[in-house]
file target29.txt (compact mmCIF, C-alpha atoms)
# COMPACT_ATOMS: atom_id res chain seq x y z
CA MET A 1 0.00 0.00 0.00
CA ASP A 2 2.84 2.39 0.78
CA GLY A 3 4.33 1.76 -2.67
CA ILE A 4 0.98 2.48 -4.31
CA ARG A 5 0.62 5.72 -2.34
CA GLN A 6 4.15 6.79 -3.25
CA GLY A 7 3.52 6.03 -6.90
CA ALA A 8 0.28 8.01 -6.87
CA ALA A 9 1.92 10.92 -5.08
CA GLY A 10 4.90 10.99 -7.41
CA GLY A 11 2.83 10.92 -10.61
CA VAL A 12 3.03 8.26 -13.32
CA PRO A 13 5.26 5.32 -12.31
CA ARG A 14 8.49 5.09 -14.24
CA ARG A 15 7.56 1.81 -15.92
CA ALA A 16 4.18 3.19 -16.97
CA GLY A 17 5.92 6.32 -18.25
CA TRP A 18 8.14 4.28 -20.56
CA TYR A 19 5.09 2.36 -21.74
CA VAL A 20 3.26 5.58 -22.61
CA GLN A 21 6.31 6.96 -24.42
CA THR A 22 6.62 3.74 -26.42
CA LEU A 23 2.98 3.99 -27.47
CA ARG A 24 3.43 7.62 -28.47
CA LEU A 25 6.53 6.90 -30.53
CA THR A 26 4.82 3.94 -32.18
CA ALA A 27 1.85 6.14 -33.07
CA CYS A 28 4.21 8.74 -34.56
CA ALA A 29 5.97 6.06 -36.63
CA LEU A 30 2.67 4.67 -37.93
CA LEU A 31 1.37 8.14 -38.79
CA ALA A 32 4.62 8.96 -40.61
CA TRP A 33 4.27 5.73 -42.61
CA LEU A 34 0.65 6.62 -43.42
CA VAL A 35 1.62 10.14 -44.54
CA TRP A 36 4.27 8.72 -46.86
CA GLN A 37 2.00 6.06 -48.33
CA VAL A 38 -0.96 8.35 -49.00
CA TRP A 39 1.03 11.20 -50.55
CA HIS A 40 3.12 8.77 -52.61
CA LEU A 41 -0.03 7.07 -53.90
CA SER A 42 -1.71 10.38 -54.76
CA THR A 43 0.99 11.16 -57.34
CA TYR A 44 2.04 7.65 -58.39
CA GLU A 45 -1.56 6.77 -59.32
CA ALA A 46 -2.53 10.25 -60.58
CA ALA A 47 -2.36 9.20 -64.23
CA ASP A 48 -4.77 6.29 -63.59
CA VAL A 49 -7.57 8.47 -62.24
CA VAL A 50 -10.45 8.61 -64.74
CA TRP A 51 -13.12 11.26 -64.16
CA VAL A 52 -16.65 10.65 -65.40
CA CYS A 53 -18.79 13.74 -65.98
CA ASP A 54 -22.57 13.78 -66.37
CA GLY A 55 -22.76 16.85 -68.54
CA THR A 56 -24.12 19.10 -65.81
CA GLY A 57 -20.73 20.22 -64.58
CA SER A 58 -20.30 17.55 -61.90
CA CYS A 59 -17.66 14.83 -62.22
CA GLY A 60 -16.73 11.82 -60.13
CA THR A 61 -14.36 8.90 -59.84
CA ASP A 62 -13.98 5.87 -57.63
CA HIS A 63 -10.17 5.94 -57.58
CA PHE A 64 -8.68 6.55 -54.13
CA ALA A 65 -5.83 8.64 -55.57
CA SER A 66 -8.35 11.39 -56.34
CA VAL A 67 -8.86 12.05 -52.62
CA GLY A 68 -5.32 11.04 -51.66
CA PRO A 69 -4.20 14.64 -51.00
CA PHE A 70 -7.06 15.21 -48.54
CA ALA A 71 -6.29 11.97 -46.72
CA GLY A 72 -2.63 13.02 -46.76
CA ILE A 73 -3.45 16.39 -45.23
CA ALA A 74 -5.51 14.73 -42.47
CA ALA A 75 -2.71 12.24 -41.74
CA ALA A 76 -0.11 15.04 -41.77
CA ILE A 77 -2.11 17.08 -39.25
CA GLY A 78 -2.36 14.03 -36.99
CA LEU A 79 1.37 13.42 -37.30
CA GLY A 80 2.14 17.07 -36.55
CA ILE A 81 0.07 16.97 -33.36
CA ALA A 82 1.56 13.66 -32.23
CA ALA A 83 5.17 14.59 -33.07
CA ALA A 84 5.06 18.11 -31.60
CA ARG A 85 6.01 16.65 -28.21
CA TYR A 86 9.32 15.47 -29.64
CA LEU A 87 10.02 17.81 -32.57
CA HIS A 88 8.73 20.99 -30.87
CA ARG A 89 8.72 23.93 -33.27
CA SER A 90 10.30 21.94 -36.09
CA ALA A 91 7.22 19.68 -36.33
CA PRO A 92 5.27 21.71 -38.96
CA GLY A 93 8.25 22.02 -41.29
CA ALA A 94 9.20 18.37 -40.84
CA VAL A 95 5.67 17.16 -41.62
CA VAL A 96 5.36 19.34 -44.73
CA ALA A 97 8.80 18.19 -45.90
CA LEU A 98 7.82 14.53 -45.46
CA SER A 99 4.57 15.05 -47.39
CA ALA A 100 6.25 16.90 -50.26
CA TRP A 101 9.08 14.37 -50.42
CA ALA A 102 6.58 11.49 -50.58
CA ALA A 103 4.65 13.19 -53.40
CA LEU A 104 7.92 13.86 -55.22
CA ALA A 105 8.94 10.22 -54.84
CA GLY A 106 5.55 9.19 -56.24
CA TRP A 107 6.08 11.19 -59.44
CA GLN A 108 9.64 9.89 -59.78
CA ASP A 109 8.52 6.27 -59.34
CA ALA A 110 5.71 6.80 -61.87
CA LEU A 111 8.28 8.08 -64.36
CA ALA A 112 10.61 5.15 -63.66
CA ASP A 113 7.78 2.62 -64.10
CA GLY A 114 6.55 4.20 -67.33
CA LYS A 115 3.17 5.26 -65.94
CA VAL A 116 3.82 8.83 -67.13
CA THR A 117 6.37 10.61 -69.28
CA ARG A 118 7.94 14.03 -68.95
CA ALA A 119 5.72 15.24 -71.78
CA ASP A 120 2.53 14.36 -69.87
CA THR A 121 0.46 16.83 -67.90
CA SER A 122 -1.45 16.03 -64.74
CA ALA A 123 -3.33 17.66 -61.88
CA TRP A 124 -4.55 16.93 -58.38
CA PHE A 125 -8.08 17.58 -59.58
CA LEU A 126 -9.73 18.20 -56.21
CA LEU A 127 -6.74 19.88 -54.51
CA VAL A 128 -5.02 21.76 -57.35
CA PRO A 129 -7.28 21.63 -60.44
CA VAL A 130 -4.55 22.88 -62.76
CA GLU A 131 -2.95 20.76 -65.47
CA LEU A 132 0.84 21.08 -65.24
CA PRO A 133 3.64 19.15 -66.94
CA VAL A 134 5.20 16.45 -64.80
CA PRO A 135 8.62 18.24 -64.72
CA THR A 136 6.87 21.30 -63.29
CA TRP A 137 5.34 19.21 -60.50
CA LEU A 138 8.78 17.77 -59.78
CA ALA A 139 10.34 21.24 -59.59
CA VAL A 140 7.55 22.59 -57.35
CA LEU A 141 7.78 19.63 -54.97
CA ARG A 142 11.59 19.85 -54.80
CA TRP A 143 11.32 23.53 -53.92
CA LEU A 144 8.60 22.84 -51.34
CA THR A 145 10.65 20.06 -49.74
CA ALA A 146 13.71 22.31 -49.47
CA ALA A 147 11.69 25.23 -48.07
CA ALA A 148 9.98 22.98 -45.51
CA LEU A 149 13.30 21.51 -44.42
CA ALA A 150 14.67 25.03 -43.95
CA GLY A 151 11.61 25.88 -41.86
CA ALA A 152 12.12 22.73 -39.79
CA CYS A 153 15.75 23.69 -39.15
CA CYS A 154 14.72 27.18 -38.05
CA GLY A 155 12.11 25.70 -35.75
CA ALA A 156 14.63 23.27 -34.30
CA PHE A 157 17.10 26.10 -33.65
CA SER A 158 14.38 28.15 -31.96
CA SER A 159 13.38 25.21 -29.74
CA LEU A 160 16.99 24.44 -28.81
CA TYR A 161 17.51 28.06 -27.80
CA ARG A 162 14.23 28.32 -25.88
CA THR A 163 14.87 25.14 -23.89
CA ALA A 164 18.66 25.75 -23.53
CA ALA A 165 19.19 22.17 -24.72
CA VAL A 166 22.71 22.85 -26.03
CA ALA A 167 23.87 24.38 -22.77
CA ARG A 168 22.22 21.64 -20.70
CA PHE A 169 23.51 18.62 -22.58
CA LEU A 170 26.69 19.75 -24.36
CA ARG A 171 28.20 22.43 -22.12
CA GLY A 172 27.79 20.67 -18.79
CA ARG A 173 25.36 23.16 -17.30
CA ALA A 174 23.28 22.17 -14.27
CA CYS A 175 19.53 22.76 -14.00
CA ALA A 176 17.22 23.76 -11.18
CA PRO A 177 13.64 25.02 -10.87
CA GLY A 178 13.53 28.79 -10.65
CA THR A 179 11.17 31.74 -10.53
CA LEU A 180 11.29 35.18 -12.09
CA GLU A 181 10.82 38.44 -10.23
CA GLY A 182 10.71 41.96 -11.54
CA TRP A 183 10.62 43.08 -15.14
CA ARG A 184 12.69 45.70 -16.94
CA SER A 185 11.63 46.02 -20.56
CA LEU A 186 14.33 45.84 -23.23
CA GLY A 187 11.96 46.04 -26.19
CA ARG A 188 8.66 44.59 -27.38
CA ARG A 189 9.55 40.91 -26.83
CA HIS A 190 12.36 40.78 -24.29
CA GLY A 191 13.25 42.19 -20.93
CA GLU A 192 15.44 41.65 -17.88
CA ALA A 193 14.21 39.87 -14.74
CA ASP A 194 15.77 38.40 -11.62
CA LEU A 195 16.06 34.62 -11.69
CA LEU A 196 15.78 33.03 -8.23
CA PHE A 197 16.96 29.45 -7.76
CA ALA A 198 18.86 27.14 -5.44
CA ASP A 199 21.98 25.40 -6.76
CA GLU A 200 23.03 21.78 -6.14
CA ARG A 201 24.31 22.66 -2.63
CA GLY A 202 21.06 24.40 -1.68
CA VAL A 203 22.55 27.90 -1.88
CA ARG A 204 20.04 30.48 -3.07
CA HIS A 205 20.94 32.83 -5.92
CA ARG A 206 19.39 35.89 -7.51
CA VAL A 207 20.78 36.43 -11.00
CA PRO A 208 19.64 39.00 -13.59
CA VAL A 209 18.77 37.32 -16.89
CA VAL A 210 17.29 38.40 -20.21
CA VAL A 211 14.11 36.51 -21.05
CA ALA A 212 11.26 36.66 -23.53
CA ARG A 213 8.11 38.42 -22.37
CA ARG A 214 6.16 35.15 -22.58
CA ALA A 215 8.30 33.82 -19.71
CA LEU A 216 6.24 36.00 -17.37
CA THR A 217 3.28 33.65 -17.87
CA ARG A 218 5.23 30.78 -16.28
CA GLU A 219 5.00 30.13 -12.55
CA THR A 220 8.36 28.36 -12.73
CA VAL A 221 11.16 28.27 -15.27
CA LEU A 222 14.32 26.22 -15.57
CA ALA A 223 17.50 27.84 -14.30
CA VAL A 224 20.48 26.66 -16.37
CA TYR A 225 23.77 27.57 -14.69
CA ASP A 226 27.44 26.69 -14.44
CA PRO A 227 27.94 24.47 -11.33
CA ALA A 228 31.38 26.02 -10.80
CA ARG A 229 30.02 29.58 -10.92
CA PRO A 230 26.29 29.43 -10.14
CA GLY A 231 25.99 33.15 -9.44
CA ASP A 232 27.62 34.28 -12.70
CA ALA A 233 25.03 36.09 -14.83
CA ALA A 234 27.11 35.51 -17.97
CA ARG A 235 26.82 31.73 -17.45
CA THR A 236 23.21 31.60 -16.29
CA ARG A 237 19.96 31.76 -18.22
CA ALA A 238 16.30 30.90 -17.82
CA ALA A 239 15.00 28.18 -20.11
CA LEU A 240 11.36 27.57 -21.03
CA PRO A 241 10.77 23.85 -21.50
CA ARG A 242 7.41 22.57 -22.75
CA LYS A 243 6.46 21.63 -19.19
CA GLU A 244 7.00 23.89 -16.22
CA ALA A 245 9.84 22.93 -13.91
CA LYS A 246 8.71 21.17 -10.76
CA PRO A 247 9.67 23.08 -7.58

call {"tool": "encode", "arguments": {"input": "target29.txt", "output": "structure tokens"}}
result
Amino acid sequence: MDGIRQGAAGGVPRRAGWYVQTLRLTACALLAWLVWQVWHLSTYEAADVVWVCDGTGSCGTDHFASVGPFAGIAAAIGLGIAAARYLHRSAPGAVVALSAWAALAGWQDALADGKVTRADTSAWFLLVPVELPVPTWLAVLRWLTAAALAGACCGAFSSLYRTAAVARFLRGRACAPGTLEGWRSLGRRHGEADLLFADERGVRHRVPVVVARRALTRETVLAVYDPARPGDAARTRAALPRKEAKP
């Protein structure tokens, strides 16, 4: 009974936590596979879609590739939501890059298998009802993949800076829960505040740090400091992880 109470008081048991993480990662992997398959199919099978019109302006088809882009968008949104926990701000760019790359691979495989030629024109009728030559689709998707990857890199850099991941894991900085007091504006988005925290020896410190204005909405932040010089403002900063630091 004591063990049960301790587990309930301390939150999710460690074994259960690993189980939940495994399920989340598995879901992300399955969604990524689904995104690839649907977007790849939407272009690989594009030439096989036959539209039947009734003469009144309405057309239809029973080929899944015709609605592939919409299924791909839905799967991509699901993947973005599921992967945001791990990819942070790089998630949107990464998901768009995966989708564009899969569509690009679909066109390339269709060319390799002789389903289309470079002289053919095609369109995603429901999504982009414009007939374009296959080389144009390839160029557009290459550009979109590169732009999305650049966006993912920018998002990753922003997340690494916001969470101080580089300082925490590569520079040997220690971490401790902290709080912010005071605010001295340095512009529209940033200002200076006093970071209060206790180091590994229990010594309390008050260090001035520059933080984003959104940090004021946090009850606690993460103090990232040099264990050898915990009171040095030049070696101390306040990080904003996805979850608030536990006091």

call {"tool": "closest_residue", "arguments": {"input": "target29.txt", "among": "A:Ala156, A:Leu141, A:Ala71, A:Ala198", "to": "Ser42 in chain A", "atoms": "all atoms listed in the file"}}
result
A:Ala71

call {"tool": "residues_around", "arguments": {"input": "target29.txt", "residues": "Arg24 in chain A", "least_positions_apart": "5", "cutoff": "10 Å", "atoms": "only C-alpha atoms", "output": "list in words"}}
result
Trp18, Tyr19, Ala29, Leu30, Ala82, Ala83, Arg85 and Tyr86 of chain A

call {"tool": "write_last_selection", "arguments": {"input": "target29.txt", "atoms": "C-alpha atoms", "output": "mmCIF file, in the frame of the given file"}}
result
data_model
loop_
_atom_site.group_PDB
_atom_site.id
_atom_site.type_symbol
_atom_site.label_atom_id
_atom_site.label_comp_id
_atom_site.auth_asym_id
_atom_site.auth_seq_id
_atom_site.Cartn_x
_atom_site.Cartn_y
_atom_site.Cartn_z
ATOM 1 C CA TRP A 18 8.140 4.280 -20.560
ATOM 2 C CA TYR A 19 5.090 2.360 -21.740
ATOM 3 C CA ALA A 29 5.970 6.060 -36.630
ATOM 4 C CA LEU A 30 2.670 4.670 -37.930
ATOM 5 C CA ALA A 82 1.560 13.660 -32.230
ATOM 6 C CA ALA A 83 5.170 14.590 -33.070
ATOM 7 C CA ARG A 85 6.010 16.650 -28.210
ATOM 8 C CA TYR A 86 9.320 15.470 -29.640
#

call {"tool": "residues_around", "arguments": {"input": "target29.txt", "residues": "range 91-106 of chain A", "least_positions_apart": "5", "cutoff": "7 Å", "atoms": "all atoms listed in the file", "output": "PyMOL selection string"}}
result
chain A and resi 35-36+39-41+43-44+76+80+83-84+138+141+144-145+148-149+151-152

call {"tool": "closest_residue", "arguments": {"input": "target29.txt", "among": "A:Arg142, A:Arg118, A:Arg206, A:Arg237", "to": "Gly182 in chain A", "atoms": "all atoms listed in the file"}}
result
A:Arg206

call {"tool": "atom_distance", "arguments": {"input": "target29.txt", "atom1": "CA of Phe157 in chain A", "atom2": "CA of Tyr225 in chain A"}}
result
20.2 Å

call {"tool": "atom_distance", "arguments": {"input": "target29.txt", "atom1": "CA of Gln108 in chain A", "atom2": "CA of Trp143 in chain A"}}
result
14.9 Å

call {"tool": "decode", "arguments": {"input": "target29.txt", "residues": "range 169-194 of chain A", "atoms": "N, CA, C and O atoms", "output": "PDB file, in the first residue's frame"}}
result
ATOM      1  N   PHE A 169      23.002  19.950 -22.254  1.00  0.00           N
ATOM      2  CA  PHE A 169      23.513  18.620 -22.583  1.00  0.00           C
ATOM      3  C   PHE A 169      24.934  18.620 -23.156  1.00  0.00           C
ATOM      4  O   PHE A 169      25.618  17.610 -23.094  1.00  0.00           O
ATOM      5  N   LEU A 170      25.381  19.735 -23.733  1.00  0.00           N
ATOM      6  CA  LEU A 170      26.695  19.752 -24.360  1.00  0.00           C
ATOM      7  C   LEU A 170      27.715  20.611 -23.617  1.00  0.00           C
ATOM      8  O   LEU A 170      28.905  20.420 -23.786  1.00  0.00           O
ATOM      9  N   ARG A 171      27.265  21.538 -22.811  1.00  0.00           N
ATOM     10  CA  ARG A 171      28.197  22.429 -22.116  1.00  0.00           C
ATOM     11  C   ARG A 171      28.303  22.131 -20.631  1.00  0.00           C
ATOM     12  O   ARG A 171      28.940  22.887 -19.900  1.00  0.00           O
ATOM     13  N   GLY A 172      27.661  21.073 -20.182  1.00  0.00           N
ATOM     14  CA  GLY A 172      27.792  20.670 -18.793  1.00  0.00           C
ATOM     15  C   GLY A 172      27.111  21.571 -17.795  1.00  0.00           C
ATOM     16  O   GLY A 172      27.498  21.620 -16.625  1.00  0.00           O
ATOM     17  N   ARG A 173      26.073  22.292 -18.225  1.00  0.00           N
ATOM     18  CA  ARG A 173      25.363  23.163 -17.301  1.00  0.00           C
ATOM     19  C   ARG A 173      24.421  22.341 -16.418  1.00  0.00           C
ATOM     20  O   ARG A 173      23.882  21.323 -16.829  1.00  0.00           O
ATOM     21  N   ALA A 174      24.227  22.807 -15.181  1.00  0.00           N
ATOM     22  CA  ALA A 174      23.276  22.172 -14.267  1.00  0.00           C
ATOM     23  C   ALA A 174      21.926  22.881 -14.377  1.00  0.00           C
ATOM     24  O   ALA A 174      21.838  24.005 -14.875  1.00  0.00           O
ATOM     25  N   CYS A 175      20.883  22.206 -13.908  1.00  0.00           N
ATOM     26  CA  CYS A 175      19.525  22.756 -13.999  1.00  0.00           C
ATOM     27  C   CYS A 175      18.866  22.739 -12.627  1.00  0.00           C
ATOM     28  O   CYS A 175      19.148  21.866 -11.801  1.00  0.00           O
ATOM     29  N   ALA A 176      17.983  23.693 -12.420  1.00  0.00           N
ATOM     30  CA  ALA A 176      17.224  23.759 -11.176  1.00  0.00           C
ATOM     31  C   ALA A 176      15.950  24.554 -11.430  1.00  0.00           C
ATOM     32  O   ALA A 176      15.949  25.474 -12.256  1.00  0.00           O
ATOM     33  N   PRO A 177      14.854  24.215 -10.740  1.00  0.00           N
ATOM     34  CA  PRO A 177      13.636  25.025 -10.870  1.00  0.00           C
ATOM     35  C   PRO A 177      13.898  26.433 -10.374  1.00  0.00           C
ATOM     36  O   PRO A 177      14.619  26.642  -9.393  1.00  0.00           O
ATOM     37  N   GLY A 178      13.326  27.409 -11.048  1.00  0.00           N
ATOM     38  CA  GLY A 178      13.525  28.792 -10.648  1.00  0.00           C
ATOM     39  C   GLY A 178      12.275  29.617 -10.872  1.00  0.00           C
ATOM     40  O   GLY A 178      11.323  29.168 -11.518  1.00  0.00           O
ATOM     41  N   THR A 179      12.277  30.802 -10.340  1.00  0.00           N
ATOM     42  CA  THR A 179      11.168  31.739 -10.529  1.00  0.00           C
ATOM     43  C   THR A 179      11.729  33.085 -10.969  1.00  0.00           C
ATOM     44  O   THR A 179      12.909  33.394 -10.731  1.00  0.00           O
ATOM     45  N   LEU A 180      10.886  33.862 -11.610  1.00  0.00           N
ATOM     46  CA  LEU A 180      11.286  35.180 -12.091  1.00  0.00           C
ATOM     47  C   LEU A 180      10.606  36.258 -11.261  1.00  0.00           C
ATOM     48  O   LEU A 180       9.418  36.155 -10.938  1.00  0.00           O
ATOM     49  N   GLU A 181      11.360  37.284 -10.947  1.00  0.00           N
ATOM     50  CA  GLU A 181      10.820  38.437 -10.227  1.00  0.00           C
ATOM     51  C   GLU A 181      11.273  39.713 -10.918  1.00  0.00           C
ATOM     52  O   GLU A 181      12.403  39.809 -11.390  1.00  0.00           O
ATOM     53  N   GLY A 182      10.370  40.694 -10.934  1.00  0.00           N
ATOM     54  CA  GLY A 182      10.707  41.965 -11.542  1.00  0.00           C
ATOM     55  C   GLY A 182      10.675  41.885 -13.058  1.00  0.00           C
ATOM     56  O   GLY A 182      10.687  40.802 -13.648  1.00  0.00           O
ATOM     57  N   TRP A 183      10.627  43.029 -13.681  1.00  0.00           N
ATOM     58  CA  TRP A 183      10.624  43.079 -15.140  1.00  0.00           C
ATOM     59  C   TRP A 183      11.093  44.461 -15.583  1.00  0.00           C
ATOM     60  O   TRP A 183      10.526  45.484 -15.209  1.00  0.00           O
ATOM     61  N   ARG A 184      12.150  44.473 -16.382  1.00  0.00           N
ATOM     62  CA  ARG A 184      12.691  45.699 -16.940  1.00  0.00           C
ATOM     63  C   ARG A 184      12.717  45.518 -18.455  1.00  0.00           C
ATOM     64  O   ARG A 184      13.522  44.747 -18.984  1.00  0.00           O
ATOM     65  N   SER A 185      11.823  46.218 -19.133  1.00  0.00           N
ATOM     66  CA  SER A 185      11.634  46.016 -20.558  1.00  0.00           C
ATOM     67  C   SER A 185      12.880  46.416 -21.348  1.00  0.00           C
ATOM     68  O   SER A 185      13.500  47.452 -21.101  1.00  0.00           O
ATOM     69  N   LEU A 186      13.222  45.568 -22.321  1.00  0.00           N
ATOM     70  CA  LEU A 186      14.330  45.842 -23.233  1.00  0.00           C
ATOM     71  C   LEU A 186      13.845  45.896 -24.676  1.00  0.00           C
ATOM     72  O   LEU A 186      14.628  45.795 -25.605  1.00  0.00           O
ATOM     73  N   GLY A 187      12.552  46.031 -24.849  1.00  0.00           N
ATOM     74  CA  GLY A 187      11.960  46.036 -26.186  1.00  0.00           C
ATOM     75  C   GLY A 187      10.578  45.412 -26.125  1.00  0.00           C
ATOM     76  O   GLY A 187      10.006  45.183 -25.063  1.00  0.00           O
ATOM     77  N   ARG A 188      10.032  45.120 -27.313  1.00  0.00           N
ATOM     78  CA  ARG A 188       8.665  44.587 -27.378  1.00  0.00           C
ATOM     79  C   ARG A 188       8.591  43.148 -26.872  1.00  0.00           C
ATOM     80  O   ARG A 188       7.595  42.744 -26.278  1.00  0.00           O
ATOM     81  N   ARG A 189       9.635  42.346 -27.116  1.00  0.00           N
ATOM     82  CA  ARG A 189       9.546  40.912 -26.827  1.00  0.00           C
ATOM     83  C   ARG A 189      10.436  40.447 -25.680  1.00  0.00           C
ATOM     84  O   ARG A 189      10.253  39.351 -25.168  1.00  0.00           O
ATOM     85  N   HIS A 190      11.407  41.233 -25.301  1.00  0.00           N
ATOM     86  CA  HIS A 190      12.359  40.777 -24.291  1.00  0.00           C
ATOM     87  C   HIS A 190      12.503  41.805 -23.178  1.00  0.00           C
ATOM     88  O   HIS A 190      12.187  42.985 -23.335  1.00  0.00           O
ATOM     89  N   GLY A 191      12.986  41.325 -22.070  1.00  0.00           N
ATOM     90  CA  GLY A 191      13.245  42.188 -20.930  1.00  0.00           C
ATOM     91  C   GLY A 191      14.185  41.499 -19.955  1.00  0.00           C
ATOM     92  O   GLY A 191      14.598  40.353 -20.162  1.00  0.00           O
ATOM     93  N   GLU A 192      14.534  42.206 -18.887  1.00  0.00           N
ATOM     94  CA  GLU A 192      15.437  41.646 -17.878  1.00  0.00           C
ATOM     95  C   GLU A 192      14.641  41.396 -16.598  1.00  0.00           C
ATOM     96  O   GLU A 192      13.827  42.215 -16.181  1.00  0.00           O
ATOM     97  N   ALA A 193      14.871  40.234 -15.997  1.00  0.00           N
ATOM     98  CA  ALA A 193      14.211  39.873 -14.740  1.00  0.00           C
ATOM     99  C   ALA A 193      15.232  39.205 -13.835  1.00  0.00           C
ATOM    100  O   ALA A 193      16.321  38.805 -14.279  1.00  0.00           O
ATOM    101  N   ASP A 194      14.898  39.086 -12.575  1.00  0.00           N
ATOM    102  CA  ASP A 194      15.768  38.400 -11.623  1.00  0.00           C
ATOM    103  C   ASP A 194      15.349  36.934 -11.539  1.00  0.00           C
ATOM    104  O   ASP A 194      14.176  36.627 -11.268  1.00  0.00           O
TER     105      ASP A 194
END
